[in-house]
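Enquirer: Below you'll find the structure I mean.
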Amino acid sequence: GLENIGLVEGDTATQIENLPYNDVSARIVNQRAHILQKLLHRHHAREASEVVFAGVGRVTDAKWLKEKIAMWADDTMYDVCYRLRLVDDDDDEVIQLGNEKKTRICMKTADVAKKLGCTCRELLESILLYHQSSRQSDGAILSSAPLYP
């Protein structure tokens with residue numbers, strides 16, 4: 001439970017709801033970075049080694065991450081998005097290439113990309129970058145705006 005991550009300690013418990021939004025948001029972004037790094041280490045260690053061994057600050061930097069994922073194969077990009085549950089295609093089409101079986105990007109993702117006027121690769125890249133990058137909350141943006149125009 002929460003005891004394991006140091007949020008609850010006896011009577012002076014710090015509930016997640018009582019933390020400032022930015023602390024919770026940063027914690028979530030850091031967790032996502034660690035999850036991505038563990039997934040890549042387990043399934044794509046050679047191809048994504050720079051991301052696996054990078055610091056959290058780098059992994060959450062959209063510009064840096066975009067440069068690194070540009071070097072990944074299309075199958076790797078799809079596999080990472082699928083394992084992170086960022087895309088949900090149940091109709092995987094397996095094609096035989098010599099002695100190797102490869103999973104082709106599914107039609108649902110391709111259809112969405114076509115409707116948006118981009119390639120599957122660009123769509124998956126955008127989804128992954130949006131999921132991994134840190135952003136300001138709407139509340140933080142509004143609170144920094146002037147009260148009167």
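Residues in the structure tokens are named by chain (A, B, ... in the order shown) and by number from 1 within that chain; ligands are numbered from 1 in the order shown.
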Quick one: residues within 7 Å of range 31-42 of chain A, only C-alpha atoms, excluding same-chain residues fewer than 3 positions away - as a PyMOL selection string?
Expert: chain A and resi 27-28+45+48+51-52+56+59-60+132
Enquirer: Excluding same-chain residues fewer than 2 positions from Ser133 in chain A, what lies within 6 Å of it counting only C-alpha atoms, as a list in words?
Expert: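 Skipping anything fewer than 2 positions along the chain leaves Thr60, Asp61, Ala62, Leu129, Tyr130 and His131 of chain A.
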Enquirer: Just the number, please: distance in Å from CA of Ala110 in chain A to CA of Asp88 in chain A, one decimal.
Expert: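 Between CA of Ala110 in chain A and CA of Asp88 in chain A the gap works out to 11.9 Å.
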Enquirer: Record the distance separating CA of Ala70 in chain A and CA of Val112 in chain A, expressed in Å with one decimal.
Expert: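 It comes out at 20.4 Å.
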Enquirer: Hey, can you check how far CA of Thr109 in chain A sits from CA of Glu67 in chain A?
Expert: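 Rounded to one decimal, the two atoms are 22.3 Å apart.
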Enquirer: Identify, on the basis of only C-alpha atoms, every residue whose closest approach to Glu47 in chain A does not exceed 10 Å; exclude the query and any residue fewer than 6 positions from it along the same chain; express the result as a list of chain:residue names.
Expert: A:Leu40, A:His41, A:Lys68, A:Ile69, A:Met71, A:Trp72, A:Ala73, A:Thr76
Enquirer: From a DSSP pass on the backbone, collect the residues of range 25-124 of chain A flagged as alpha helix (DSSP H) and hand them back as a ChimeraX atom specification.
Expert: /A:25-43,49-52,56-59,62-69,74-83,107-116,120-124
Enquirer: Show which residues sit within 12 Å of Ala113 in chain A, as a PDB file with N, CA and C atoms, in the first residue's frame. Count only C-alpha atoms, and ignore same-chain residues fewer than 3 positions away.
Expert:
```pdb
ATOM      1  N   VAL A  87      -2.123   1.822 -27.002  1.00  0.00           N
ATOM      2  CA  VAL A  87      -2.934   1.451 -28.157  1.00  0.00           C
ATOM      3  C   VAL A  87      -3.555   0.097 -27.853  1.00  0.00           C
ATOM      4  N   ILE A 105       1.693  -3.834 -37.809  1.00  0.00           N
ATOM      5  CA  ILE A 105       0.873  -2.860 -37.098  1.00  0.00           C
ATOM      6  C   ILE A 105      -0.577  -3.069 -37.500  1.00  0.00           C
ATOM      7  N   CYS A 106      -1.430  -3.082 -36.518  1.00  0.00           N
ATOM      8  CA  CYS A 106      -2.824  -3.453 -36.726  1.00  0.00           C
ATOM      9  C   CYS A 106      -3.616  -2.390 -37.470  1.00  0.00           C
ATOM     10  N   MET A 107      -4.695  -2.826 -38.019  1.00  0.00           N
ATOM     11  CA  MET A 107      -5.501  -1.964 -38.867  1.00  0.00           C
ATOM     12  C   MET A 107      -6.183  -0.842 -38.087  1.00  0.00           C
ATOM     13  N   LYS A 108      -6.540  -1.060 -36.848  1.00  0.00           N
ATOM     14  CA  LYS A 108      -7.208  -0.002 -36.085  1.00  0.00           C
ATOM     15  C   LYS A 108      -6.298   1.210 -35.958  1.00  0.00           C
ATOM     16  N   THR A 109      -5.059   0.996 -35.616  1.00  0.00           N
ATOM     17  CA  THR A 109      -4.101   2.088 -35.495  1.00  0.00           C
ATOM     18  C   THR A 109      -3.867   2.730 -36.849  1.00  0.00           C
ATOM     19  N   ALA A 110      -3.763   1.926 -37.879  1.00  0.00           N
ATOM     20  CA  ALA A 110      -3.553   2.446 -39.231  1.00  0.00           C
ATOM     21  C   ALA A 110      -4.745   3.291 -39.680  1.00  0.00           C
ATOM     22  N   LEU A 116      -6.291  10.893 -39.413  1.00  0.00           N
ATOM     23  CA  LEU A 116      -5.587  12.083 -38.935  1.00  0.00           C
ATOM     24  C   LEU A 116      -4.616  12.643 -39.960  1.00  0.00           C
ATOM     25  N   GLY A 117      -4.384  11.898 -41.037  1.00  0.00           N
ATOM     26  CA  GLY A 117      -3.495  12.357 -42.090  1.00  0.00           C
ATOM     27  C   GLY A 117      -2.020  12.198 -41.752  1.00  0.00           C
ATOM     28  N   CYS A 118      -1.697  11.151 -41.020  1.00  0.00           N
ATOM     29  CA  CYS A 118      -0.293  10.894 -40.684  1.00  0.00           C
ATOM     30  C   CYS A 118      -0.016   9.400 -40.827  1.00  0.00           C
ATOM     31  N   THR A 119       1.238   9.019 -40.667  1.00  0.00           N
ATOM     32  CA  THR A 119       1.588   7.601 -40.728  1.00  0.00           C
ATOM     33  C   THR A 119       1.363   6.967 -39.363  1.00  0.00           C
ATOM     34  N   CYS A 120       1.331   5.644 -39.338  1.00  0.00           N
ATOM     35  CA  CYS A 120       1.202   4.918 -38.069  1.00  0.00           C
ATOM     36  C   CYS A 120       2.362   5.257 -37.147  1.00  0.00           C
ATOM     37  N   ARG A 121       3.524   5.336 -37.720  1.00  0.00           N
ATOM     38  CA  ARG A 121       4.726   5.643 -36.940  1.00  0.00           C
ATOM     39  C   ARG A 121       4.598   7.005 -36.257  1.00  0.00           C
ATOM     40  N   GLU A 122       4.167   8.018 -37.007  1.00  0.00           N
ATOM     41  CA  GLU A 122       4.001   9.356 -36.439  1.00  0.00           C
ATOM     42  C   GLU A 122       2.949   9.363 -35.336  1.00  0.00           C
ATOM     43  N   LEU A 123       1.870   8.630 -35.532  1.00  0.00           N
ATOM     44  CA  LEU A 123       0.817   8.555 -34.521  1.00  0.00           C
ATOM     45  C   LEU A 123       1.332   7.898 -33.248  1.00  0.00           C
ATOM     46  N   LEU A 124       2.004   6.756 -33.387  1.00  0.00           N
ATOM     47  CA  LEU A 124       2.535   6.053 -32.211  1.00  0.00           C
ATOM     48  C   LEU A 124       3.574   6.907 -31.489  1.00  0.00           C
ATOM     49  N   GLU A 125       4.404   7.595 -32.247  1.00  0.00           N
ATOM     50  CA  GLU A 125       5.424   8.464 -31.663  1.00  0.00           C
ATOM     51  C   GLU A 125       4.769   9.587 -30.855  1.00  0.00           C
ATOM     52  N   SER A 126       3.746  10.195 -31.409  1.00  0.00           N
ATOM     53  CA  SER A 126       3.038  11.278 -30.716  1.00  0.00           C
ATOM     54  C   SER A 126       2.372  10.787 -29.438  1.00  0.00           C
ATOM     55  N   ILE A 127       1.757   9.617 -29.514  1.00  0.00           N
ATOM     56  CA  ILE A 127       1.087   9.053 -28.339  1.00  0.00           C
ATOM     57  C   ILE A 127       2.101   8.767 -27.240  1.00  0.00           C
TER      58      ILE A 127
END
```
